[in-house]
Amino acid sequence: MGCSFSGLNALYDSVNGGGDVWINENRFRIVRQLGEGGNAYIFLVKDLPADNPSGGFSAKLKQSSHISEDGTYAMKKVLIRSNEQLELVREDIRVSSLFNHPNLLPLLDHAIISVKPTPQRSWNHEAYLLFPVHLDGTLLDNTKTMQARKESFPTTDVLQIFRQLCAGLKHMHSLDTPYAHNDVKPGNVLITHRKGKPPLAILMDFGSARPARKHIGNRSEALQLQFVRLYCLIL
């Protein structure tokens with residue numbers, strides 16, 4: 001499941017046309033677009049096992065919790081316009097692959113392909129990242145919907161969501177090289193409602209994650225780190 005560069009230049013047209021897309025040797029059908037932001041687009045895709053002799057993507061997953069019952073997944077497409085952006089995406093992929101916890105969104109597969117720029121297309125690479133799909137939206141989405149209805153989460157659900165996020169962060173902080181997420185916010189928490197159970201909370205978006213232990217060499221660096229932490233608390 002490593003990064004792969006290929007000559008699949010027609011992939012862009014397939015994605016925009018709502019057709020099929022290949023991520024490495026696995027074929028998926030694009031169902032619909034779920035969202036977009038910046039240079040990234042999120043699609044709901046469906047595994048096509050009939051087109052894969054090995055039984056499709058779902059058959060290859062080792063952890064049953066990652067297997068979609070209906071074969072649907074979330075695919076993030078990133079348009080890459082510079083070598084700097086390419087390195088950032090590669091680092092995001094590398095960091096995301098470090099974590100294995102039920103409250104952290106797992107990266108299931110990924111591919112990076114080169115594309116030929118055209119007058120209508122200014123980027124030279126595209127990244128395709130595959131994740132489990134959570135159609136109930138983010139904690140921010142749910143909160144806004146509940147506020148519009150003048151509702152709120154029960155206190156027990158709030159505590160359970162908080163506990164789950166703490167568990168995911170503890171996993172990040174407990175690695176041999178501890179990582180800090182650096183962007184924990186309602187918009188980066190996926191919520192899945194479960195009948196008779198508290199909502200499942202999953203922390204996502206590790207683009208800002210960095211090693212948590214920072215060497216401080218002088219007073220200026222210490223003050224800078226203190227300022228950054230204070231700024232995050234204010235936000």
# chains A, B, ... in the order shown; residues from 1 in each chain; ligands from 1
>>> residues_around(residues="region 139-141 of chain A", least_positions_apart="3", cutoff="9 Å", atoms="only C-alpha atoms", output="list in words")
Asp136, Lys144, Thr145, Met146, Lys185, Pro186, Gly187, Asn188, Val189, Leu190, Ile191 and Ala201 of chain A
>>> closest_atom_pairs(of="region 114-224 of chain A", to="region 75-92 of chain A", cutoff="7 Å", atoms="only C-alpha atoms", output="Markdown table")
| residue | atom | partner | partner_atom | distance |
| --- | --- | --- | --- | --- |
| A:Ser122 | CA | A:Arg81 | CA | 6.7 |
| A:Trp123 | CA | A:Arg81 | CA | 4.2 |
| A:Asn124 | CA | A:Arg81 | CA | 5.8 |
| A:His125 | CA | A:Ile80 | CA | 5.0 |
| A:Glu126 | CA | A:Leu79 | CA | 4.9 |
| A:Ala127 | CA | A:Val78 | CA | 5.0 |
| A:Tyr128 | CA | A:Lys77 | CA | 4.7 |
| A:Leu129 | CA | A:Lys76 | CA | 5.0 |
| A:Leu130 | CA | A:Met75 | CA | 4.6 |
| A:Phe131 | CA | A:Met75 | CA | 6.3 |
| A:Phe206 | CA | A:Asp92 | CA | 6.4 |
| A:Gly207 | CA | A:Asp92 | CA | 5.2 |
>>> select_by_dssp(residues="region 66-211 of chain A", states="alpha helix (DSSP H)", output="ChimeraX atom specification")
/A:83-96,139-148,155-173
>>> write_last_selection(atoms="N, CA and C atoms", output="short mmCIF file (atom, residue, chain, number, x, y, z; two decimals), in the first residue's frame")
data_model
loop_
_atom_site.label_atom_id
_atom_site.label_comp_id
_atom_site.auth_asym_id
_atom_site.auth_seq_id
_atom_site.Cartn_x
_atom_site.Cartn_y
_atom_site.Cartn_z
N ASN A 83 6.47 20.99 -5.96
CA ASN A 83 7.24 19.97 -5.25
C ASN A 83 7.05 20.10 -3.74
N GLU A 84 6.88 21.33 -3.27
CA GLU A 84 6.67 21.55 -1.84
C GLU A 84 5.36 20.90 -1.39
N GLN A 85 4.29 21.09 -2.17
CA GLN A 85 3.01 20.45 -1.85
C GLN A 85 3.13 18.94 -1.92
N LEU A 86 3.89 18.44 -2.88
CA LEU A 86 4.08 17.00 -3.02
C LEU A 86 4.73 16.42 -1.78
N GLU A 87 5.75 17.08 -1.26
CA GLU A 87 6.43 16.61 -0.06
C GLU A 87 5.52 16.66 1.15
N LEU A 88 4.66 17.69 1.23
CA LEU A 88 3.71 17.79 2.34
C LEU A 88 2.71 16.64 2.32
N VAL A 89 2.24 16.29 1.13
CA VAL A 89 1.30 15.17 1.00
C VAL A 89 1.99 13.87 1.37
N ARG A 90 3.21 13.69 0.92
CA ARG A 90 3.95 12.48 1.27
C ARG A 90 4.14 12.37 2.78
N GLU A 91 4.44 13.50 3.42
CA GLU A 91 4.62 13.49 4.88
C GLU A 91 3.30 13.20 5.58
N ASP A 92 2.21 13.76 5.06
CA ASP A 92 0.88 13.48 5.62
C ASP A 92 0.57 11.99 5.55
N ILE A 93 0.90 11.37 4.43
CA ILE A 93 0.68 9.94 4.25
C ILE A 93 1.56 9.14 5.23
N ARG A 94 2.80 9.54 5.35
CA ARG A 94 3.72 8.83 6.24
C ARG A 94 3.24 8.89 7.69
N VAL A 95 2.86 10.09 8.13
CA VAL A 95 2.43 10.26 9.52
C VAL A 95 1.12 9.52 9.76
N SER A 96 0.17 9.61 8.82
CA SER A 96 -1.13 8.93 8.98
C SER A 96 -0.95 7.43 9.10
N LEU A 139 -18.23 16.56 14.19
CA LEU A 139 -18.79 17.08 15.44
C LEU A 139 -19.31 18.50 15.21
N LEU A 140 -18.63 19.26 14.36
CA LEU A 140 -19.08 20.61 14.04
C LEU A 140 -20.41 20.58 13.29
N ASP A 141 -20.53 19.70 12.31
CA ASP A 141 -21.78 19.56 11.56
C ASP A 141 -22.94 19.21 12.49
N ASN A 142 -22.70 18.22 13.35
CA ASN A 142 -23.74 17.77 14.26
C ASN A 142 -24.14 18.85 15.25
N THR A 143 -23.17 19.59 15.74
CA THR A 143 -23.45 20.65 16.70
C THR A 143 -24.30 21.75 16.08
N LYS A 144 -23.96 22.13 14.85
CA LYS A 144 -24.73 23.17 14.15
C LYS A 144 -26.17 22.72 13.90
N THR A 145 -26.33 21.46 13.50
CA THR A 145 -27.68 20.93 13.26
C THR A 145 -28.50 20.92 14.54
N MET A 146 -27.87 20.52 15.64
CA MET A 146 -28.57 20.46 16.91
C MET A 146 -28.90 21.85 17.43
N GLN A 147 -27.99 22.80 17.21
CA GLN A 147 -28.26 24.17 17.64
C GLN A 147 -29.44 24.76 16.89
N ALA A 148 -29.55 24.43 15.59
CA ALA A 148 -30.67 24.93 14.80
C ALA A 148 -31.99 24.37 15.32
N THR A 155 -25.16 15.05 28.35
CA THR A 155 -23.89 15.16 29.06
C THR A 155 -23.08 13.88 28.96
N THR A 156 -23.75 12.73 29.05
CA THR A 156 -23.03 11.46 28.96
C THR A 156 -22.35 11.29 27.60
N ASP A 157 -23.01 11.75 26.53
CA ASP A 157 -22.41 11.65 25.19
C ASP A 157 -21.21 12.58 25.08
N VAL A 158 -21.31 13.78 25.65
CA VAL A 158 -20.19 14.72 25.62
C VAL A 158 -18.97 14.11 26.31
N LEU A 159 -19.20 13.49 27.46
CA LEU A 159 -18.10 12.87 28.20
C LEU A 159 -17.50 11.70 27.43
N GLN A 160 -18.36 10.93 26.76
CA GLN A 160 -17.87 9.79 25.99
C GLN A 160 -17.07 10.25 24.77
N ILE A 161 -17.53 11.30 24.11
CA ILE A 161 -16.78 11.84 22.97
C ILE A 161 -15.42 12.34 23.45
N PHE A 162 -15.40 13.06 24.55
CA PHE A 162 -14.15 13.58 25.11
C PHE A 162 -13.21 12.43 25.48
N ARG A 163 -13.76 11.39 26.10
CA ARG A 163 -12.94 10.24 26.50
C ARG A 163 -12.31 9.56 25.28
N GLN A 164 -13.10 9.42 24.21
CA GLN A 164 -12.59 8.77 23.00
C GLN A 164 -11.48 9.59 22.35
N LEU A 165 -11.66 10.90 22.32
CA LEU A 165 -10.62 11.76 21.73
C LEU A 165 -9.34 11.69 22.56
N CYS A 166 -9.49 11.66 23.88
CA CYS A 166 -8.32 11.54 24.75
C CYS A 166 -7.60 10.21 24.50
N ALA A 167 -8.38 9.14 24.27
CA ALA A 167 -7.78 7.83 24.01
C ALA A 167 -6.98 7.85 22.71
N GLY A 168 -7.54 8.49 21.67
CA GLY A 168 -6.82 8.59 20.40
C GLY A 168 -5.55 9.41 20.53
N LEU A 169 -5.63 10.53 21.25
CA LEU A 169 -4.45 11.38 21.45
C LEU A 169 -3.40 10.67 22.30
N LYS A 170 -3.86 9.90 23.29
CA LYS A 170 -2.91 9.15 24.11
C LYS A 170 -2.11 8.18 23.26
N HIS A 171 -2.78 7.56 22.27
CA HIS A 171 -2.07 6.65 21.37
C HIS A 171 -0.99 7.41 20.60
N MET A 172 -1.32 8.59 20.09
CA MET A 172 -0.34 9.39 19.36
C MET A 172 0.82 9.78 20.26
N HIS A 173 0.52 10.10 21.50
CA HIS A 173 1.55 10.57 22.44
C HIS A 173 2.39 9.42 22.99
#
>>> select_by_dssp(residues="region 23-175 of chain A", states="strand (DSSP E)", output="PyMOL selection string")
chain A and resi 23+26-37+40-47+72-80+109-114+125-131
>>> atom_distance(atom1="CA of Ile23 (chain A)", atom2="CA of Asn39 (chain A)")
18.9 Å
>>> atom_distance(atom1="CA of Pro154 (chain A)", atom2="CA of Arg194 (chain A)")
14.1 Å
>>> residues_around(residues="Thr192 (chain A)", least_positions_apart="3", cutoff="8 Å", atoms="only C-alpha atoms", output="list in words")
His134, Leu135, Asp136, Gly137, Pro199, Leu200 and Ala201 of chain A
>>> decode(residues="region 122-135 of chain A", atoms="N, CA, C and O atoms", output="CSV table (one decimal), in the first residue's frame")
chain,number,residue,atom,x,y,z
A,122,SER,N,-3.6,23.0,-14.0
A,122,SER,CA,-2.3,23.6,-13.6
A,122,SER,C,-1.5,22.7,-12.7
A,122,SER,O,-0.3,23.0,-12.5
A,123,TRP,N,-2.0,21.6,-12.2
A,123,TRP,CA,-1.3,20.7,-11.3
A,123,TRP,C,-0.5,19.6,-12.1
A,123,TRP,O,-0.9,19.3,-13.2
A,124,ASN,N,0.5,19.1,-11.4
A,124,ASN,CA,1.3,18.0,-12.1
A,124,ASN,C,1.3,16.7,-11.4
A,124,ASN,O,1.8,15.7,-11.9
A,125,HIS,N,0.6,16.6,-10.2
A,125,HIS,CA,0.4,15.4,-9.5
A,125,HIS,C,-0.9,15.4,-8.9
A,125,HIS,O,-1.5,16.4,-8.5
A,126,GLU,N,-1.5,14.2,-8.6
A,126,GLU,CA,-2.7,14.0,-7.9
A,126,GLU,C,-2.5,12.9,-6.9
A,126,GLU,O,-1.9,11.8,-7.2
A,127,ALA,N,-3.0,13.1,-5.7
A,127,ALA,CA,-2.9,12.1,-4.6
A,127,ALA,C,-4.3,11.6,-4.4
A,127,ALA,O,-5.3,12.3,-4.3
A,128,TYR,N,-4.4,10.3,-4.1
A,128,TYR,CA,-5.7,9.6,-3.8
A,128,TYR,C,-5.6,8.9,-2.5
A,128,TYR,O,-4.7,7.9,-2.4
A,129,LEU,N,-6.3,9.3,-1.5
A,129,LEU,CA,-6.2,8.7,-0.2
A,129,LEU,C,-7.5,8.0,0.2
A,129,LEU,O,-8.6,8.7,0.0
A,130,LEU,N,-7.5,6.8,0.6
A,130,LEU,CA,-8.7,6.1,0.9
A,130,LEU,C,-8.9,5.8,2.4
A,130,LEU,O,-8.0,5.4,3.1
A,131,PHE,N,-10.1,6.2,2.9
A,131,PHE,CA,-10.4,6.1,4.3
A,131,PHE,C,-11.8,5.4,4.5
A,131,PHE,O,-12.6,5.3,3.6
A,132,PRO,N,-12.0,4.9,5.7
A,132,PRO,CA,-13.4,4.4,6.0
A,132,PRO,C,-14.4,5.6,5.9
A,132,PRO,O,-13.9,6.8,6.1
A,133,VAL,N,-15.6,5.4,5.6
A,133,VAL,CA,-16.5,6.5,5.4
A,133,VAL,C,-17.4,6.6,6.6
A,133,VAL,O,-17.8,5.7,7.3
A,134,HIS,N,-17.6,7.9,7.0
A,134,HIS,CA,-18.5,8.2,8.2
A,134,HIS,C,-19.5,9.3,7.7
A,134,HIS,O,-19.1,10.5,7.7
A,135,LEU,N,-20.7,8.9,7.3
A,135,LEU,CA,-21.6,9.8,6.7
A,135,LEU,C,-22.4,10.6,7.6
A,135,LEU,O,-23.2,11.5,7.2
